[in-house]
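What follows is a set of notes on a single structure, which appears directly below.
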Amino acid sequence: MENAIKKNEHLFNENQFVQTRIIAEALTREMGGLASTTEVLAGTLFSEMADGSADVSEVRNYLKNQIRKHEVINGYLYYDGAGKVQVEVGRDPSTTEIMHKVGSSFLRIARKEFRKTGSAPYLTFTYVNSAEQLLAFAFPVRNGKGPRGTVIQVINLKPLFELYFVPVRYGDCCASFMLSGRGVVVYDSDAGIIGKNVFQGLHEEFPEVIALDRRMVNEPEGRAEFRFIDRMTGKKVRKLLSWHAARIGQQKYVVGIAVPDSIIAGTVAESRYIHLFSHGVLVVLILLVIYTLFLRWAEQRIKDSEKRLVLAFEGNRDGVWDWNISKSEVYFSPRWKEMLGYKDDEICSSVTEWQSRIHPDDSQVARELLQKHLNDETDFYEGEYRMRCRDGSYKWVLARGRVYARDRFGKPERMIGTNTDITQKKKIEIEILKLSLAVESSPSAVVITDPTGAIEYVNRGFEEITGYCIEEARGRNPSELVKSSAEQDDIYHDLWVTITAGNVWRGELTNRTKGGETYWCRLSISPVLDGYGKVTNYVGIQEDLTELKNKEAELERLAMIDELTGLNNRRHFMELAAIEMSRTVRNESAMCLVFLDIDHFKRVNDTYGHDCGDYVLKEFSTLVKNGIRDIDIFGRIGGEEFSLILTNTDVHGAGILLERLRMSVEQFNFSYRDIPLHITCSFGFCMYSADCPENLEGLLKQADRALYFAKHNGRNTTVFFDDLPEYGIE
C-alpha cells in the first residue's frame with residue numbers, strides 16, 4: 001500500500017515538473033515573439049521615422065494595432081538621442097504614469113549598454129511590486145552612423161499569470177511562483193511578498209529553503225523536497241518542489257511549483273491505522289477502496305495537468321489534438337477549430353474531420369509521414385500541408401505529434417500533437433523563392449560577399465559574363481577574379497571607402513573575364529546592415545555594357561570622321577583647329593591653316609560617274625595623309641575641299657611641304673578601271689602666331705581667299721594669303 005502511494009506521489013511530482021517546463025517554454029516563446037516583433041520595428045519603422053522617411057502618425061497607428069492584438073502590451077515609449085520622449089502610445093490613460101516611471105528607471109542603463117560594441121539586440125528589465133508586475137524591453141534604434149534613439153516596450157505580466165500560474169493552485173495541494181534571476185519574487189499566491197528578494201530576509205529563518213533558492217536561480221531545472229516550521233500552525237511541513245528556467249532576452253526567470261504533502265501524508269497515516277486495527281477481508285476491502293479513491297484523485301490531477309497543458313499550447317496560438325487510435329476518436333481543441341474558421345461545436349471527434357480537410361495534393365505525403373511514425377519508424381511526426389477552412393480557402397499548417405501509448409504488442413493506442421498556422425511563413429517563403437528565381441535568372445551578374453569581401457554566392461549571370469562558376473568564385477574576392485588593371489586602383493579605393501561607410505557605390509569600370517577578355521560594366525554595390533548598423537554582407541549587381549560602349553564608340557567615331565575618306569569631318573576639324581590655335585598662343589609658336597581643292601573635280605564626276613569621283617577622293621586623301629606629319633591635322637571640309645593644320649610651321653616650311661604635296665598629286669598615276677586620270681590640286685594658306693589678331697573664322701576666310709586666287713589666277717598653284725595683291729580679292 002505504502003509503495004503504491006509513494007509511486008503515485010512520485011507521479012504527482014513528475015507531473016508538476018512537466019508543468020513547470022510547459023509554462024517556462026510558453027513564457028519564453030510568447031515573450032520572445034513580442035520582443036522579436038518590436039526588434040524588427042526598431043530596425044525598420046522607428047529607424048525610418050528617426051531619419052524622417054516615415055511619418056510619426058504611421059508609427060503611432062502601428063503601435064496601437066499591436067496593443068489591440070496583444071493584451072499583455074501596456075504601451076511603447078520612444079526616446080530620441082537626447083533622452084527625450086518623442087512617441088508615447090499606451091493602452092489607456094491609466095498606464096501612462098507607470099510607463100514613464102518604468103522608462104525613466106531603465107533608459108540610462110539601456111543607452112549605456114547600446115553604445116557598447118557587440119551589445120545585445122535588446123535588454124530585459126523587471127519592474128515588480130505588490131501592485132504592478134511588469135517587464136520592460138529596451139531596443140536600440142540605429143542607422144549607419146550609430147544609435148539614434150531607444151524604444152521601450154512595457155509588458156503587463158498579470159494576464160500571463162492568470163493564464164499560466166493561477167490555474168495551477170488547488171487549495172493547499174500546490175502553488176506556483178516565479179522568481180527573477182536575482183531572486184526577486186515576480187509572482188506568488190501570497191501577494192504580500194511580490195517584489196521582495198528571497199535572499200534579503202524573506203527566508204532567513206529557513207537555511208534549507210535559502211539553499212534551494214540558490215539552486216533554483218543557478219540551475220536550469222530541478223526537483224527537490226524541503227521541510228520547515230509553518231509560522232501559523234507551528235507544525236513541521238514537507239513540500240515537494242519542481243522548477244524550470246524561462247529565458248526572456250538576456251534575463252532568466254524561474255517557474256516553480258511547491259506541493260505540500262499533507263493530503264498524501266494523511267492518506268498514508270490512515271492506511272497504516274487501518275492496517276493495525278483491521279483484519280481479514282475487511283482490511284482488503286478498505287484498502288482497495290482507499291487505493292481506488294487515491295487513484296481517482298491522482299487521475300484527476302493528471303487530467304487537470306492535461307488541461308493546463310492544452311491551455312499552455314492554446315496560449316501560444318497552437319491547436320491541440322488528442323487521438324484515441326483504438327476508438328478512432330480525436331479531441332480537437334477550440335484553437336484547432338478556430339484556426340480553420342469553425343466554432344467549438346461545429347466539428348465532431350472523428351478522425352475523418354482531419355483527413356477530409358487536407359488538400360488533395362498534400363494528402364498522400366501527410367498520410368505517409370503519419371504512417372511511418374505509427375509504425376515506429378520515426379521518433380516524431382512532423383509535416384507541413386494545407387487544410388481547407390470553412391470558407392473554402394486553404395491554410396498551411398505545421399503538424400507535430402508523438403505516440404505516447406502503445407499496447408504490449410507495440411500497436412499505437414494514443415497520440416497527441418499540435419497544429420500551428422504557418423500560412424504567413426509560407427507566403428514569405430514563396431516571396432523569397434520568387435526573389436531567388438528572379439536573381440538567379442537575371443541577365444545581370446549578382447554577387448553576394450561577406451564583410452571581408454569573400455564571395456558567398458554568384459548567380460548564373462555572373463557565370464555567363466565572367467566565365468567563373470560558383471565553385472571557382474566562392475571564398476575569393478571579386479577583384480582577384482575580374483579586376484582588369486592596376487590603373488583602376490583609385491576606383492576600387494573609392495568603392496571600398498563608400499561601402500564600408502554603409503553607403504551604396506555606383507559606377508562604370510572595365511573588368512576581365514576568365515579568358516582574359518576586357519569588358520565594360522555598370523556596377524552597383526550595396527551594404528547589408530543588421531539591427532546594430534553593422535555590415536553583414538555586400539550585394540553587387542553588375543550589368544555588361546560592352547556592346548553599348550562599342551556602339552557609343554562607333555557613334556562617336558562617326559560623329560568625328562568622314563565616312564568616305566576616314567579623315568576628320570568638318571565639325572571635328574574645326575574643334576581640333578581651335579585647340580591648336582590655343583596651343584600655338586600658349587607656346588608662342590606658329591601654325592599654318594591650309595585649304596586644298598582638287599581642280600576640275602566636277603568634270604571627273606560628270607565624265608566617269610560618282611564611283612570614280614569617290615575613288616579619286618579616297619586616293620587623294622591617302623596621298624596627302626602619307627605626305628604630312630603625324631602631328632599635322634587633316635580633314636575633309638566638303639565635296640572635293642580639304643583642309644590642313646600644319647603645327648609648329650612657318651610660311652617657309654609650309655611652302656616647301658605644300659609644293660611637295662602638289663607635285664606628288666600631279667605625278668601620281670590615278671587609274672580607275674584601267675582609265676588613266678590626270679589629277680591636280682590647288683592650295684591656299686595663311687599663317688597664325690601668338691601676335692595674330694585673327695580668330696578661327698578669320699583664318700578660314702584668309703585661307704579660302706588664297707585658294708580662290710590660286711584656282712582662278714593660275715592653274716595648279718600654291719598661294720600664301722599675304723602674297724595676294726590688294727586688288728581683286730573677293
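We label chains A, B, ... in the order they appear in the C-alpha cells, count residues from 1 in each chain, and number ligands from 1 in the order shown.
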
*From the DSSP assignment of the backbone, select every residue of stretch 25-151 of chain A that is strand (DSSP E), and format the answer as a count of residues only.*
37

For stretch 448-470 of chain A against stretch 478-483 of chain A, with a cut-off of 9 Å and counting only C-alpha atoms, what is the closest atom pair and its distance in Å to one decimal for every residue that makes the cut, ordered by chain and number, as a tab-separated table?
residue	atom	partner	partner_atom	distance
A:Thr449	CA	A:Pro478	CA	8.7
A:Gly453	CA	A:Pro478	CA	7.4
A:Ala454	CA	A:Pro478	CA	7.6
A:Ile455	CA	A:Pro478	CA	7.0
A:Thr466	CA	A:Val482	CA	7.4
A:Tyr468	CA	A:Leu481	CA	8.2

Residues of the last selection are to be written out with N, CA and C atoms, as a short mmCIF file (atom, residue, chain, number, x, y, z; two decimals), in the first residue's frame.
data_model
loop_
_atom_site.label_atom_id
_atom_site.label_comp_id
_atom_site.auth_asym_id
_atom_site.auth_seq_id
_atom_site.Cartn_x
_atom_site.Cartn_y
_atom_site.Cartn_z
N THR A 449 28.81 38.89 -51.00
CA THR A 449 30.05 38.61 -50.28
C THR A 449 29.83 38.78 -48.79
N GLY A 453 34.63 40.76 -48.03
CA GLY A 453 34.67 40.75 -49.49
C GLY A 453 34.79 39.37 -50.09
N ALA A 454 34.80 38.32 -49.27
CA ALA A 454 34.88 36.94 -49.79
C ALA A 454 33.52 36.54 -50.37
N ILE A 455 33.53 36.01 -51.59
CA ILE A 455 32.29 35.67 -52.28
C ILE A 455 31.59 34.50 -51.61
N THR A 466 31.41 36.45 -66.74
CA THR A 466 32.83 36.36 -66.38
C THR A 466 33.47 35.03 -66.74
N TYR A 468 33.41 32.47 -64.67
CA TYR A 468 33.71 31.78 -63.41
C TYR A 468 32.43 31.16 -62.84
#

*Contacts of A:Lys327 within 10 Å, only C-alpha atoms, excl. fewer than 3 positions in-chain, as a PyMOL selection string*: chain A and resi 323-324+330+350-351+413-414

_Exercise: A:Asn197 partners within 7 Å, only C-alpha atoms, chain neighbours under 6 positions left out, as a ChimeraX atom specification_ = /A:183-185

Hey, what's within 12 Å of A:Arg557 if we count only C-alpha atoms and toss same-chain stuff fewer than 3 positions away? As a CSV table (one decimal) with N, CA and C atoms, in the first residue's frame, please?
chain,number,residue,atom,x,y,z
A,550,ASN,N,30.6,49.8,-77.2
A,550,ASN,CA,31.1,49.7,-78.5
A,550,ASN,C,30.3,50.5,-79.5
A,551,LYS,N,29.0,50.5,-79.3
A,551,LYS,CA,28.1,51.3,-80.1
A,551,LYS,C,28.3,52.8,-79.9
A,552,GLU,N,28.5,53.2,-78.6
A,552,GLU,CA,28.8,54.6,-78.3
A,552,GLU,C,30.1,55.0,-79.0
A,553,ALA,N,31.1,54.2,-78.9
A,553,ALA,CA,32.4,54.5,-79.5
A,553,ALA,C,32.2,54.6,-81.1
A,554,GLU,N,31.4,53.8,-81.6
A,554,GLU,CA,31.2,53.8,-83.1
A,554,GLU,C,30.4,55.1,-83.5
A,560,MET,N,32.9,62.2,-85.7
A,560,MET,CA,34.1,62.9,-85.9
A,560,MET,C,34.8,62.6,-87.2
A,561,ILE,N,34.4,61.5,-87.9
A,561,ILE,CA,35.2,61.0,-89.1
A,561,ILE,C,34.3,61.1,-90.3
A,562,ASP,N,34.9,61.5,-91.4
A,562,ASP,CA,34.3,61.5,-92.7
A,562,ASP,C,34.2,60.0,-93.2
A,563,GLU,N,33.0,59.5,-93.4
A,563,GLU,CA,32.9,58.1,-93.7
A,563,GLU,C,33.6,57.6,-94.9
A,566,GLY,N,37.7,58.6,-94.2
A,566,GLY,CA,38.3,58.3,-92.9
A,566,GLY,C,39.0,59.4,-92.3
A,567,LEU,N,39.0,60.6,-92.9
A,567,LEU,CA,39.6,61.8,-92.3
A,567,LEU,C,38.6,62.5,-91.3
A,568,ASN,N,39.2,63.5,-90.6
A,568,ASN,CA,38.3,64.2,-89.7
A,568,ASN,C,37.2,65.0,-90.5
A,569,ASN,N,36.0,64.9,-90.0
A,569,ASN,CA,34.9,65.7,-90.7
A,569,ASN,C,35.0,67.2,-90.4
A,572,HIS,N,34.6,68.2,-86.5
A,572,HIS,CA,35.8,67.8,-85.7
A,572,HIS,C,37.0,68.5,-86.1

*Where does DSSP see alpha helix (DSSP H) in stretch 350-472 of chain A, if you list the residues as JSON, numbers by chain?*
{"A": [352, 353, 354, 355, 360, 361, 362, 363, 364, 365, 366, 367, 368, 369, 370, 371, 372, 373, 374, 423, 424, 425, 426, 427, 428, 429, 430, 431, 432, 433, 434, 435, 436, 437, 438, 439, 440, 441, 460, 461, 462, 463, 464, 465, 466, 470, 471, 472]}

*Please identify all polymer residues within 9 Å of A:Gly531, counting only C-alpha atoms, omitting same-chain residues fewer than 2 positions from it, and present them as an NGL selection string.*
:A and (39-40 or 42-44 or 121 or 140-143 or 529 or 533-534)

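Nearest residue to A:Glu464 among A:Asp322, A:Glu543, A:Asp490, A:Glu25 is A:Glu543, counting only C-alpha atoms.
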
*Would you mind listing what lies within 9 Å of A:Leu699 as JSON, numbers by chain, with only C-alpha atoms counted and same-chain residues fewer than 5 positions away left out?*
{"A": [593, 685, 686, 687, 688, 694, 704]}

*asked:* Could you check the closest approach to A:Arg673 for each of A:His359, A:Asp611, A:Leu63, A:Trp520 and tell me which residue wins, using only C-alpha atoms?
replied: A:Asp611

*Report the distance between atom CA of A:Ser104 and atom CA of A:Asp188 in Å, rounded to one decimal place.*
26.7 Å

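Of note, atom CA of A:Ile448 and atom CA of A:Lys425 are spaced 24.3 Å apart.
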